>>> print(open('input-v1.csv').read())   # CSV, C-alpha atoms
chain,number,residue,atom,x,y,z
J,1,MET,CA,-4.5,0.2,-9.0
J,2,ALA,CA,-1.0,0.9,-8.0
J,3,PRO,CA,-0.5,0.6,-4.2
J,4,THR,CA,2.1,3.0,-2.7
J,5,LEU,CA,5.3,2.3,-0.9
J,6,GLU,CA,3.8,3.7,2.2
J,7,PHE,CA,1.1,1.1,2.1
J,8,VAL,CA,3.5,-1.7,1.4
J,9,GLU,CA,5.6,-0.7,4.4
J,10,ALA,CA,2.5,-0.8,6.6
J,11,PHE,CA,2.9,-4.6,6.6
J,12,GLU,CA,5.2,-5.6,9.4
J,13,TYR,CA,7.9,-8.3,9.4
J,14,ILE,CA,6.8,-11.7,10.7
J,15,ASN,CA,8.8,-11.1,13.9
J,16,GLY,CA,6.7,-8.0,14.6
J,17,GLU,CA,9.3,-5.4,13.5
J,18,GLU,CA,8.2,-2.3,11.7
J,19,GLY,CA,7.8,-2.9,8.0
J,20,ILE,CA,10.2,-0.3,6.6
J,21,LEU,CA,12.1,-1.8,3.7
J,22,LYS,CA,15.8,-2.0,4.0
J,23,VAL,CA,17.3,-0.4,0.8
J,24,ILE,CA,20.3,1.5,2.2
J,25,GLY,CA,23.1,-0.2,4.2
J,26,GLN,CA,25.0,1.1,7.3
J,27,ASP,CA,27.7,2.3,4.9
J,28,GLY,CA,25.2,4.6,3.2
J,29,LYS,CA,25.3,2.6,0.0
J,30,PRO,CA,22.4,0.7,-1.7
J,31,ILE,CA,21.9,-2.8,-0.5
J,32,GLU,CA,22.2,-5.4,-3.4
J,33,TYR,CA,19.7,-8.2,-3.6
J,34,ALA,CA,20.2,-11.3,-5.8
J,35,HIS,CA,16.5,-11.2,-6.7
J,36,PRO,CA,14.0,-8.3,-6.2
J,37,LEU,CA,11.7,-10.4,-3.9
J,38,ASP,CA,14.6,-10.9,-1.5
J,39,LEU,CA,13.9,-7.3,-0.3
J,40,PHE,CA,10.6,-8.5,1.0
J,41,GLU,CA,11.8,-11.6,2.8
J,42,ASN,CA,10.1,-12.3,6.1
J,43,LYS,CA,7.5,-9.7,5.5
J,44,ASP,CA,3.9,-10.4,6.7
J,45,PRO,CA,2.6,-13.1,4.3
J,46,ARG,CA,-0.5,-11.0,3.6
J,47,LEU,CA,1.6,-8.6,1.6
J,48,ALA,CA,2.4,-11.0,-1.2
J,49,ALA,CA,-1.3,-12.0,-1.3
J,50,THR,CA,-2.4,-8.4,-1.5
J,51,VAL,CA,0.2,-6.7,-3.8
J,52,TYR,CA,2.2,-7.7,-6.9
J,53,LEU,CA,5.8,-6.9,-5.9
J,54,PRO,CA,8.6,-6.5,-8.4
J,55,MET,CA,9.1,-9.9,-10.1
J,56,SER,CA,6.2,-11.5,-8.3
J,57,PRO,CA,5.2,-14.8,-9.9
J,58,CYS,CA,2.1,-14.6,-12.1
J,59,ARG,CA,0.7,-17.3,-14.4
J,60,GLY,CA,4.1,-19.0,-15.0
J,61,SER,CA,5.8,-15.7,-15.6
J,62,GLU,CA,6.8,-12.7,-13.5
J,63,VAL,CA,5.4,-9.2,-13.0
J,64,GLU,CA,8.5,-7.5,-14.3
J,65,ILE,CA,8.8,-4.1,-12.7
J,66,ARG,CA,12.0,-2.2,-13.2
J,67,ARG,CA,12.9,1.5,-13.4
J,68,GLY,CA,16.3,1.1,-15.1
J,69,MET,CA,19.9,0.2,-14.5
J,70,TYR,CA,22.4,1.1,-11.8
J,71,THR,CA,26.2,1.2,-12.4
J,72,LYS,CA,28.3,0.8,-9.3
J,73,ALA,CA,31.5,2.0,-10.9
J,74,THR,CA,30.1,5.4,-11.5
J,75,ASP,CA,27.3,5.4,-8.9
J,76,SER,CA,24.9,6.3,-11.6
J,77,TYR,CA,21.3,5.5,-12.5
J,78,LEU,CA,20.0,5.1,-16.1
J,79,LYS,CA,16.2,5.4,-16.3
J,80,ALA,CA,14.2,4.0,-19.2
J,81,GLY,CA,13.3,6.5,-21.9
J,82,ASP,CA,10.6,4.5,-23.5
J,83,LEU,CA,8.8,1.2,-23.2
J,84,TYR,CA,11.1,-0.8,-25.4
J,85,GLU,CA,14.6,0.6,-24.9
J,86,THR,CA,17.2,-2.2,-24.5
J,87,LYS,CA,20.6,-2.3,-22.8
J,88,SER,CA,23.3,-4.9,-22.0
J,89,LEU,CA,24.8,-5.9,-18.7
J,90,ALA,CA,28.6,-6.3,-18.2
J,91,ASP,CA,28.4,-10.0,-19.2
J,92,GLY,CA,26.7,-9.1,-22.5
J,93,THR,CA,23.2,-10.1,-21.4
J,94,GLU,CA,20.7,-7.9,-23.3
J,95,PHE,CA,17.5,-6.9,-21.6
J,96,ARG,CA,14.7,-4.3,-21.8
J,97,LEU,CA,15.7,-1.4,-19.6
J,98,MET,CA,12.3,-1.0,-18.2
J,99,GLY,CA,10.4,-4.2,-17.2
J,100,LYS,CA,7.6,-5.3,-19.4
J,101,ASP,CA,5.1,-4.2,-16.6
J,102,GLY,CA,6.7,-0.8,-15.8
J,103,LEU,CA,8.0,1.4,-14.3
J,104,VAL,CA,7.8,4.7,-16.2
J,105,ASP,CA,6.2,8.1,-15.7
J,106,PHE,CA,4.0,7.7,-18.8
J,107,ASP,CA,1.6,5.2,-20.3
J,108,ASP,CA,-0.8,3.0,-18.4
J,109,VAL,CA,1.7,1.2,-16.1
J,110,THR,CA,2.5,1.4,-12.4
J,111,LYS,CA,4.0,4.7,-11.2
J,112,SER,CA,4.6,3.3,-7.6
J,113,GLY,CA,6.4,0.1,-8.3
J,114,PHE,CA,3.5,-2.1,-7.3
J,115,TYR,CA,0.2,-3.5,-8.5
J,116,GLN,CA,-2.9,-4.6,-6.6
J,117,LYS,CA,-3.1,-8.4,-6.4
J,118,LYS,CA,-6.1,-9.0,-4.1
J,119,PHE,CA,-9.2,-9.9,-6.1
J,120,VAL,CA,-7.2,-10.7,-9.2
J,121,ASN,CA,-8.2,-14.0,-10.7
J,122,GLU,CA,-5.2,-15.3,-12.6
J,123,LYS,CA,-7.2,-18.2,-14.1
J,124,LEU,CA,-9.1,-15.8,-16.4
J,125,THR,CA,-7.7,-14.9,-19.9
J,126,ASN,CA,-8.3,-11.2,-19.0
J,127,ILE,CA,-7.4,-10.6,-15.4
J,128,ASP,CA,-8.8,-7.1,-15.5
J,129,PHE,CA,-10.5,-6.3,-12.2
J,130,GLU,CA,-13.8,-5.9,-13.8
J,131,GLN,CA,-13.6,-9.5,-15.1
J,132,SER,CA,-13.0,-11.1,-11.7
J,133,ASP,CA,-15.8,-13.3,-10.5
J,134,GLN,CA,-14.6,-13.6,-6.9
J,135,PRO,CA,-17.5,-12.8,-4.5
J,136,TRP,CA,-17.2,-9.5,-2.6
J,137,PRO,CA,-16.5,-10.0,1.1
J,138,VAL,CA,-19.4,-8.1,2.7
J,139,PHE,CA,-19.1,-9.9,6.0
J,140,ARG,CA,-15.7,-11.4,7.1
J,141,LEU,CA,-14.7,-13.0,10.3
J,142,ALA,CA,-11.4,-11.1,10.5
J,143,GLU,CA,-13.4,-7.8,10.5
J,144,MET,CA,-15.5,-9.0,13.4
J,145,TYR,CA,-12.4,-9.8,15.4
J,146,LEU,CA,-10.9,-6.4,14.5
J,147,ASN,CA,-14.2,-4.7,15.4
J,148,LYS,CA,-14.1,-6.5,18.8
J,149,ALA,CA,-10.4,-5.5,19.3
J,150,GLU,CA,-11.1,-1.8,18.7
J,151,ALA,CA,-14.3,-1.7,20.8
J,152,GLY,CA,-12.6,-3.7,23.6
J,153,PHE,CA,-9.6,-1.4,23.6
J,154,MET,CA,-11.8,1.8,23.7
J,155,CYS,CA,-13.9,0.3,26.5
J,156,GLY,CA,-10.9,-0.7,28.7
J,157,GLU,CA,-11.3,-4.4,28.0
J,158,LYS,CA,-7.7,-4.8,27.0
J,159,GLU,CA,-7.5,-8.5,27.5
J,160,GLU,CA,-10.4,-9.2,25.2
J,161,ALA,CA,-9.0,-6.7,22.7
J,162,LEU,CA,-5.6,-8.5,22.7
J,163,LYS,CA,-7.2,-11.9,22.2
J,164,ALA,CA,-9.3,-10.7,19.3
J,165,ILE,CA,-6.4,-9.0,17.4
J,166,ASN,CA,-4.1,-11.9,17.9
J,167,GLU,CA,-6.7,-14.2,16.3
J,168,VAL,CA,-6.1,-12.2,13.1
J,169,ARG,CA,-2.4,-12.1,13.5
J,170,GLU,CA,-2.0,-15.8,14.2
J,171,ARG,CA,-3.9,-16.7,11.1
J,172,ALA,CA,-1.7,-14.3,9.1
J,173,GLY,CA,1.4,-16.0,10.5
J,174,ILE,CA,3.1,-13.0,12.2
J,175,LYS,CA,4.2,-12.4,15.8
J,176,LEU,CA,1.4,-12.2,18.4
J,177,LEU,CA,1.2,-8.9,20.3
J,178,THR,CA,1.8,-8.8,24.1
J,179,ALA,CA,-0.4,-6.7,26.4
J,180,GLY,CA,2.3,-4.0,26.5
J,181,GLU,CA,2.4,-3.8,22.7
J,182,LEU,CA,-1.3,-3.3,22.2
J,183,THR,CA,-2.1,0.2,21.2
J,184,MET,CA,-4.9,1.9,19.1
J,185,ASP,CA,-2.3,2.5,16.4
J,186,LYS,CA,-1.6,-1.2,16.2
J,187,ILE,CA,-5.3,-2.0,15.9
J,188,ARG,CA,-5.7,0.6,13.2
J,189,ASN,CA,-2.8,-0.7,11.2
J,190,GLU,CA,-4.0,-4.2,11.5
J,191,ARG,CA,-7.3,-3.1,9.9
J,192,ARG,CA,-5.4,-1.3,7.2
J,193,VAL,CA,-3.4,-4.4,6.1
J,194,GLU,CA,-6.0,-7.1,6.7
J,195,LEU,CA,-9.0,-5.3,5.1
J,196,ALA,CA,-7.0,-3.7,2.3
J,197,PHE,CA,-9.0,-2.9,-0.9
J,198,GLU,CA,-12.2,-4.0,0.8
J,199,ASN,CA,-13.7,-0.6,1.1
J,200,HIS,CA,-12.9,0.1,4.7
J,201,ARG,CA,-10.0,2.4,4.9
J,202,PHE,CA,-11.7,5.6,3.8
J,203,TRP,CA,-14.5,5.1,6.3
J,204,ASP,CA,-12.1,4.1,9.1
J,205,LEU,CA,-10.2,7.4,8.6
J,206,ARG,CA,-13.4,9.3,8.8
J,207,ARG,CA,-14.7,7.4,11.8
J,208,TRP,CA,-11.4,7.9,13.7
J,209,ARG,CA,-11.4,11.6,12.7
J,210,ILE,CA,-7.7,11.4,11.6
J,211,ALA,CA,-8.2,12.1,7.8
J,212,ALA,CA,-8.1,15.8,8.5
J,213,THR,CA,-7.1,17.5,11.7
J,214,GLY,CA,-7.6,21.2,11.2
J,215,SER,CA,-4.4,23.1,11.7
J,216,GLN,CA,-2.4,19.9,11.9
J,217,LYS,CA,-1.7,17.5,9.1
J,218,GLY,CA,-4.0,14.5,9.0
J,219,VAL,CA,-3.5,11.2,7.2
J,220,LEU,CA,-5.1,12.5,4.0
J,221,ASP,CA,-4.2,16.2,4.3
J,222,ASP,CA,-2.1,17.0,1.3
J,223,TRP,CA,-1.1,13.3,1.2
J,224,GLU,CA,2.0,12.6,-0.9
J,225,PRO,CA,2.4,9.4,-2.9
J,226,THR,CA,5.5,7.3,-2.4
J,227,ALA,CA,7.1,4.7,-4.7
J,228,LEU,CA,9.8,2.0,-4.8
J,229,TYR,CA,12.1,2.0,-7.9
J,230,PRO,CA,14.0,-1.3,-8.6
J,231,TYR,CA,17.2,-1.0,-10.7
J,232,ILE,CA,19.2,-3.9,-12.1
J,233,VAL,CA,22.9,-3.6,-11.4
J,234,TYR,CA,25.1,-3.4,-14.5
J,235,GLU,CA,28.1,-5.3,-13.1
J,236,ASN,CA,26.3,-8.5,-11.8
J,237,GLY,CA,22.6,-8.5,-12.6
J,238,ASN,CA,21.6,-8.0,-8.9
J,239,TYR,CA,19.1,-5.4,-7.8
J,240,ILE,CA,19.1,-2.2,-5.8
J,241,PHE,CA,16.2,0.0,-4.9
J,242,THR,CA,15.5,3.7,-4.3
J,243,LYS,CA,12.5,5.2,-2.6
J,244,ALA,CA,10.8,8.1,-4.2
J,245,ASN,CA,8.4,10.8,-2.9
J,246,SER,CA,5.8,13.1,-4.5
J,247,SER,CA,8.4,15.2,-6.4
J,248,GLU,CA,9.2,12.1,-8.5
J,249,VAL,CA,5.9,10.2,-8.5
J,250,PRO,CA,3.4,11.4,-11.1
J,251,LYS,CA,0.3,10.6,-9.0
J,252,PRO,CA,-2.2,13.2,-7.7
J,253,ARG,CA,-1.8,14.4,-4.2
J,254,LYS,CA,-4.8,13.9,-1.9
J,255,VAL,CA,-6.7,16.5,0.1
J,256,PHE,CA,-9.3,15.8,2.7
J,257,TYR,CA,-11.2,18.8,4.1
J,258,GLU,CA,-12.7,18.8,7.5
J,259,ARG,CA,-16.1,19.3,6.0
J,260,ASN,CA,-15.7,15.9,4.3
J,261,TYR,CA,-16.5,14.3,7.6
J,262,TYR,CA,-20.1,15.3,7.0
J,263,VAL,CA,-22.6,15.2,4.2
J,264,LYS,CA,-23.9,18.5,2.8
J,265,PHE,CA,-27.6,19.0,3.1
J,266,LYS,CA,-29.4,19.8,-0.2
J,267,ALA,CA,-31.0,23.3,-0.6
J,268,GLU,CA,-34.5,21.7,-0.8
J,269,ASP,CA,-33.8,20.0,2.5
J,270,MET,CA,-32.8,23.2,4.2
J,271,THR,CA,-35.8,25.2,2.9
J,272,SER,CA,-38.3,22.4,3.8
J,273,ASN,CA,-37.2,22.4,7.5
J,274,ARG,CA,-36.3,25.8,9.0
J,275,LEU,CA,-34.9,24.1,12.1
J,276,LEU,CA,-32.3,22.2,10.0
J,277,ILE,CA,-28.7,23.5,10.4
J,278,GLN,CA,-26.2,23.0,7.6
J,279,ASN,CA,-23.2,20.8,8.5
J,280,PRO,CA,-20.0,22.6,9.4
J,281,ARG,CA,-17.9,24.3,6.7
J,282,TYR,CA,-20.5,24.0,4.0
>>> encode(input="input-v1.csv", output="C-alpha cells")
Amino acid sequence: MAPTLEFVEAFEYINGEEGILKVIGQDGKPIEYAHPLDLFENKDPRLAATVYLPMSPCRGSEVEIRRGMYTKATDSYLKAGDLYETKSLADGTEFRLMGKDGLVDFDDVTKSGFYQKKFVNEKLTNIDFEQSDQPWPVFRLAEMYLNKAEAGFMCGEKEEALKAINEVRERAGIKLLTAGELTMDKIRNERRVELAFENHRFWDLRRWRIAATGSQKGVLDDWEPTALYPYIVYENGNYIFTKANSSEVPKPRKVFYERNYYVKFKAEDMTSNRLLIQNPRY
C-alpha cells in the first residue's frame, strides 16, 4: 500500500500548476525545507487526505519516513543500514537514521516514501486496511460529475464538460479550469486523483486503451516505480529530498499486454460454439 512518487505528483498545486515536487533549486543544489511537509505546501488538499506523506500527523504522532542523513559539507548521503541504526546531528541531537515507519529496501515498510491514507480509520486500535469499517463508495457524486465531463467532452459538449469537472475541482479547493485549459488529459488526471484507490484506475486505462499501445509504450507498458527519499540535514536538522527511479526502488515493474484488454474464452466455450472466435492475441 505504498503509492508512488509519480502518483503523488499527479496532484496539482491549488493554483493549477503541474504537481511536480520542487526538490532541486536553480543552482542545482537540493532545496532545504524546515519540515518535510513544507515540500507539499499548496498542493491539492486531496493529496493529504489520500496519502500519508513524510511526517504526516497520525494519532498524535507522525508517520516518520526517512531514508537517512545528508551532509552539506561533503555533499554526501548516509542511508540507513538497519531499522534501528542511530546517528547524531551537528548539535548532538541523537536520532534513528531511518524513521520508525521507513524507508529501507527491506522489511515490510514503504519503498516509495509514502503510504496510502484513504480508507484508513485512525480511531481503531489496529488501523490495518482489513480492519477499517468505512463503507465502500460504490456510487459517488464526484464520479457522476467526472463521467459527465468525459462524455460531454467526447460528444463536443465542452461547456457542459467544463461545468461538470469544475464542480469536482471547486469542492477540492483548487483552481477552476477555463475553456481553453480543458483537455481529455485533464479529465483523465482528475479521475485519477479524485477516485484514487476506489477501483477505477485499472478499468479506466483499459477503457481508454492507453494501458498498452502496441509498438509504443503505454501507461502500464514496462511501468517503472518511482520514489521520494527524505534525508535529514546533518548541519541543521532541515530536510532535503531525492527522487528515485526503478533502479533504486525495489518494487516489481508492471507489464500490460494488448491481450489484457480482452478476456480469454475458455476451451469449453470455444468447442461448444464453432462460430465463436477467440479474442486477439490469445
>>> closest_residue(input="input-v1.csv", among="J:Phe256, J:Gly237, J:Leu53, J:Ile65", to="Phe202 in chain J", atoms="all atoms listed in the file")
J:Phe256
>>> residues_around(input="input-v1.csv", residues="range 34-36 of chain J", least_positions_apart="6", cutoff="7 Å", atoms="all atoms listed in the file", output="PyMOL selection string")
chain J and resi 54-55+238-239
>>> residues_near_point(input="input-v1.csv", point="(-12.2, 11.1, 10.2)", cutoff="12 Å", atoms="all atoms listed in the file", output="MDAnalysis selection string")
chainID J and resid 201:214 218:221 256:262
>>> atom_distance(input="input-v1.csv", atom1="CA of Pro30 in chain J", atom2="CA of Glu235 in chain J")
14.1 Å
>>> residues_around(input="input-v1.csv", residues="range 177-185 of chain J", least_positions_apart="3", cutoff="7 Å", atoms="only C-alpha atoms", output="ChimeraX atom specification")
/J:162,166,188-189
>>> atom_distance(input="input-v1.csv", atom1="CA of Glu85 in chain J", atom2="CA of Lys100 in chain J")
10.7 Å
>>> residues_around(input="input-v1.csv", residues="Lys72 in chain J", least_positions_apart="4", cutoff="12 Å", atoms="only C-alpha atoms", output="list in words")
Lys29, Pro30, Ile31, Glu32, Ser76, Tyr77, Leu78, Ala90, Tyr231, Ile232, Val233, Tyr234, Glu235, Asn236, Gly237, Asn238, Tyr239 and Ile240 of chain J
>>> closest_atom_pairs(input="input-v1.csv", of="range 91-123 of chain J", to="range 4-12 of chain J", cutoff="10 Å", atoms="only C-alpha atoms", output="JSON lines")
{"residue": "J:Thr110", "atom": "CA", "partner": "J:Thr4", "partner_atom": "CA", "distance": 9.8}
{"residue": "J:Lys111", "atom": "CA", "partner": "J:Thr4", "partner_atom": "CA", "distance": 8.9}
{"residue": "J:Ser112", "atom": "CA", "partner": "J:Thr4", "partner_atom": "CA", "distance": 5.5}
{"residue": "J:Gly113", "atom": "CA", "partner": "J:Thr4", "partner_atom": "CA", "distance": 7.6}
{"residue": "J:Phe114", "atom": "CA", "partner": "J:Thr4", "partner_atom": "CA", "distance": 7.0}
{"residue": "J:Tyr115", "atom": "CA", "partner": "J:Thr4", "partner_atom": "CA", "distance": 8.9}
{"residue": "J:Gln116", "atom": "CA", "partner": "J:Thr4", "partner_atom": "CA", "distance": 9.9}
>>> closest_residue(input="input-v1.csv", among="J:Phe139, J:His200, J:Gly16, J:Gly68", to="Ser88 in chain J", atoms="only C-alpha atoms")
J:Gly68
>>> residues_around(input="input-v1.csv", residues="Glu248 in chain J", least_positions_apart="3", cutoff="9 Å", atoms="all atoms listed in the file", output="PyMOL selection string")
chain J and resi 105+226-227+244-245
>>> atom_distance(input="input-v1.csv", atom1="CA of Asp44 in chain J", atom2="CA of Leu176 in chain J")
12.1 Å
>>> residues_near_point(input="input-v1.csv", point="(9.2, 0.7, -21.6)", cutoff="10 Å", atoms="only C-alpha atoms", output="mmCIF file with C-alpha atoms, in the frame of the given file")
data_model
loop_
_atom_site.group_PDB
_atom_site.id
_atom_site.type_symbol
_atom_site.label_atom_id
_atom_site.label_comp_id
_atom_site.auth_asym_id
_atom_site.auth_seq_id
_atom_site.Cartn_x
_atom_site.Cartn_y
_atom_site.Cartn_z
ATOM 1 C CA ARG J 66 12.000 -2.200 -13.200
ATOM 2 C CA ARG J 67 12.900 1.500 -13.400
ATOM 3 C CA GLY J 68 16.300 1.100 -15.100
ATOM 4 C CA LYS J 79 16.200 5.400 -16.300
ATOM 5 C CA ALA J 80 14.200 4.000 -19.200
ATOM 6 C CA GLY J 81 13.300 6.500 -21.900
ATOM 7 C CA ASP J 82 10.600 4.500 -23.500
ATOM 8 C CA LEU J 83 8.800 1.200 -23.200
ATOM 9 C CA TYR J 84 11.100 -0.800 -25.400
ATOM 10 C CA GLU J 85 14.600 0.600 -24.900
ATOM 11 C CA THR J 86 17.200 -2.200 -24.500
ATOM 12 C CA ARG J 96 14.700 -4.300 -21.800
ATOM 13 C CA LEU J 97 15.700 -1.400 -19.600
ATOM 14 C CA MET J 98 12.300 -1.000 -18.200
ATOM 15 C CA GLY J 99 10.400 -4.200 -17.200
ATOM 16 C CA LYS J 100 7.600 -5.300 -19.400
ATOM 17 C CA ASP J 101 5.100 -4.200 -16.600
ATOM 18 C CA GLY J 102 6.700 -0.800 -15.800
ATOM 19 C CA LEU J 103 8.000 1.400 -14.300
ATOM 20 C CA VAL J 104 7.800 4.700 -16.200
ATOM 21 C CA ASP J 105 6.200 8.100 -15.700
ATOM 22 C CA PHE J 106 4.000 7.700 -18.800
ATOM 23 C CA ASP J 107 1.600 5.200 -20.300
ATOM 24 C CA VAL J 109 1.700 1.200 -16.100
#
>>> residues_around(input="input-v1.csv", residues="Lys264 in chain J", least_positions_apart="3", cutoff="7 Å", atoms="only C-alpha atoms", output="list in words")
Gln278, Asn279 and Tyr282 of chain J
>>> closest_residue(input="input-v1.csv", among="J:Gly28, J:Ala2, J:Ile20, J:Gly173", to="Pro45 in chain J", atoms="all atoms listed in the file")
J:Gly173
>>> closest_residue(input="input-v1.csv", among="J:Met144, J:Ile187, J:Asp38, J:Val255", to="Lys158 in chain J", atoms="all atoms listed in the file")
J:Ile187
>>> decode(input="input-v1.csv", residues="range 28-93 of chain J", atoms="C-alpha atoms", output="PDB file, in the first residue's frame")
ATOM      1  CA  GLY J  28      21.463  22.682  -8.976  1.00  0.00           C
ATOM      2  CA  LYS J  29      21.633  22.002  -5.245  1.00  0.00           C
ATOM      3  CA  PRO J  30      18.980  20.292  -3.083  1.00  0.00           C
ATOM      4  CA  ILE J  31      16.358  22.652  -1.677  1.00  0.00           C
ATOM      5  CA  GLU J  32      16.229  22.585   2.124  1.00  0.00           C
ATOM      6  CA  TYR J  33      12.908  22.502   3.943  1.00  0.00           C
ATOM      7  CA  ALA J  34      12.488  23.198   7.659  1.00  0.00           C
ATOM      8  CA  HIS J  35       9.881  20.414   7.821  1.00  0.00           C
ATOM      9  CA  PRO J  36       9.217  17.604   5.315  1.00  0.00           C
ATOM     10  CA  LEU J  37       5.590  18.667   4.838  1.00  0.00           C
ATOM     11  CA  ASP J  38       6.791  22.077   3.605  1.00  0.00           C
ATOM     12  CA  LEU J  39       7.676  20.360   0.318  1.00  0.00           C
ATOM     13  CA  PHE J  40       3.965  19.717  -0.244  1.00  0.00           C
ATOM     14  CA  GLU J  41       2.750  23.211   0.637  1.00  0.00           C
ATOM     15  CA  ASN J  42      -0.065  24.455  -1.611  1.00  0.00           C
ATOM     16  CA  LYS J  43      -0.629  21.043  -3.161  1.00  0.00           C
ATOM     17  CA  ASP J  44      -4.172  19.885  -3.940  1.00  0.00           C
ATOM     18  CA  PRO J  45      -5.754  19.242  -0.491  1.00  0.00           C
ATOM     19  CA  ARG J  46      -6.900  15.828  -1.695  1.00  0.00           C
ATOM     20  CA  LEU J  47      -3.289  14.642  -1.597  1.00  0.00           C
ATOM     21  CA  ALA J  48      -3.003  14.903   2.199  1.00  0.00           C
ATOM     22  CA  ALA J  49      -6.367  13.144   2.535  1.00  0.00           C
ATOM     23  CA  THR J  50      -5.284  10.318   0.224  1.00  0.00           C
ATOM     24  CA  VAL J  51      -1.628   9.706   1.071  1.00  0.00           C
ATOM     25  CA  TYR J  52       0.476   9.661   4.239  1.00  0.00           C
ATOM     26  CA  LEU J  53       3.376  11.972   3.360  1.00  0.00           C
ATOM     27  CA  PRO J  54       6.712  12.057   5.214  1.00  0.00           C
ATOM     28  CA  MET J  55       5.943  13.278   8.746  1.00  0.00           C
ATOM     29  CA  SER J  56       2.171  13.429   8.196  1.00  0.00           C
ATOM     30  CA  PRO J  57       0.251  13.646  11.501  1.00  0.00           C
ATOM     31  CA  CYS J  58      -1.310  10.404  12.678  1.00  0.00           C
ATOM     32  CA  ARG J  59      -2.991   9.802  16.051  1.00  0.00           C
ATOM     33  CA  GLY J  60      -0.986  12.400  17.953  1.00  0.00           C
ATOM     34  CA  SER J  61       2.286  11.335  16.356  1.00  0.00           C
ATOM     35  CA  GLU J  62       3.906  11.463  12.919  1.00  0.00           C
ATOM     36  CA  VAL J  63       4.386   8.995  10.094  1.00  0.00           C
ATOM     37  CA  GLU J  64       8.154   9.177  10.320  1.00  0.00           C
ATOM     38  CA  ILE J  65       9.542   8.365   6.875  1.00  0.00           C
ATOM     39  CA  ARG J  66      13.252   8.989   6.344  1.00  0.00           C
ATOM     40  CA  ARG J  67      15.920   7.440   4.109  1.00  0.00           C
ATOM     41  CA  GLY J  68      18.935   8.698   6.006  1.00  0.00           C
ATOM     42  CA  MET J  69      21.124  11.754   6.561  1.00  0.00           C
ATOM     43  CA  TYR J  70      22.652  14.313   4.196  1.00  0.00           C
ATOM     44  CA  THR J  71      25.862  16.226   4.996  1.00  0.00           C
ATOM     45  CA  LYS J  72      26.249  19.550   3.183  1.00  0.00           C
ATOM     46  CA  ALA J  73      29.946  19.923   3.903  1.00  0.00           C
ATOM     47  CA  THR J  74      30.784  16.783   1.925  1.00  0.00           C
ATOM     48  CA  ASP J  75      27.648  16.624  -0.249  1.00  0.00           C
ATOM     49  CA  SER J  76      27.177  13.039   0.892  1.00  0.00           C
ATOM     50  CA  TYR J  77      24.227  10.804   1.722  1.00  0.00           C
ATOM     51  CA  LEU J  78      24.207   8.242   4.521  1.00  0.00           C
ATOM     52  CA  LYS J  79      21.493   5.602   4.134  1.00  0.00           C
ATOM     53  CA  ALA J  80      20.177   3.507   6.992  1.00  0.00           C
ATOM     54  CA  GLY J  81      21.766   0.071   7.206  1.00  0.00           C
ATOM     55  CA  ASP J  82      19.149  -1.377   9.510  1.00  0.00           C
ATOM     56  CA  LEU J  83      15.902  -0.443  11.230  1.00  0.00           C
ATOM     57  CA  TYR J  84      17.470   0.763  14.487  1.00  0.00           C
ATOM     58  CA  GLU J  85      20.769   2.410  13.497  1.00  0.00           C
ATOM     59  CA  THR J  86      21.232   5.742  15.326  1.00  0.00           C
ATOM     60  CA  LYS J  87      23.261   8.844  14.467  1.00  0.00           C
ATOM     61  CA  SER J  88      23.713  12.377  15.810  1.00  0.00           C
ATOM     62  CA  LEU J  89      23.258  15.791  14.205  1.00  0.00           C
ATOM     63  CA  ALA J  90      25.840  18.574  14.475  1.00  0.00           C
ATOM     64  CA  ASP J  91      24.186  19.894  17.645  1.00  0.00           C
ATOM     65  CA  GLY J  92      24.420  16.478  19.287  1.00  0.00           C
ATOM     66  CA  THR J  93      20.773  15.511  18.836  1.00  0.00           C
TER      67      THR J  93
END
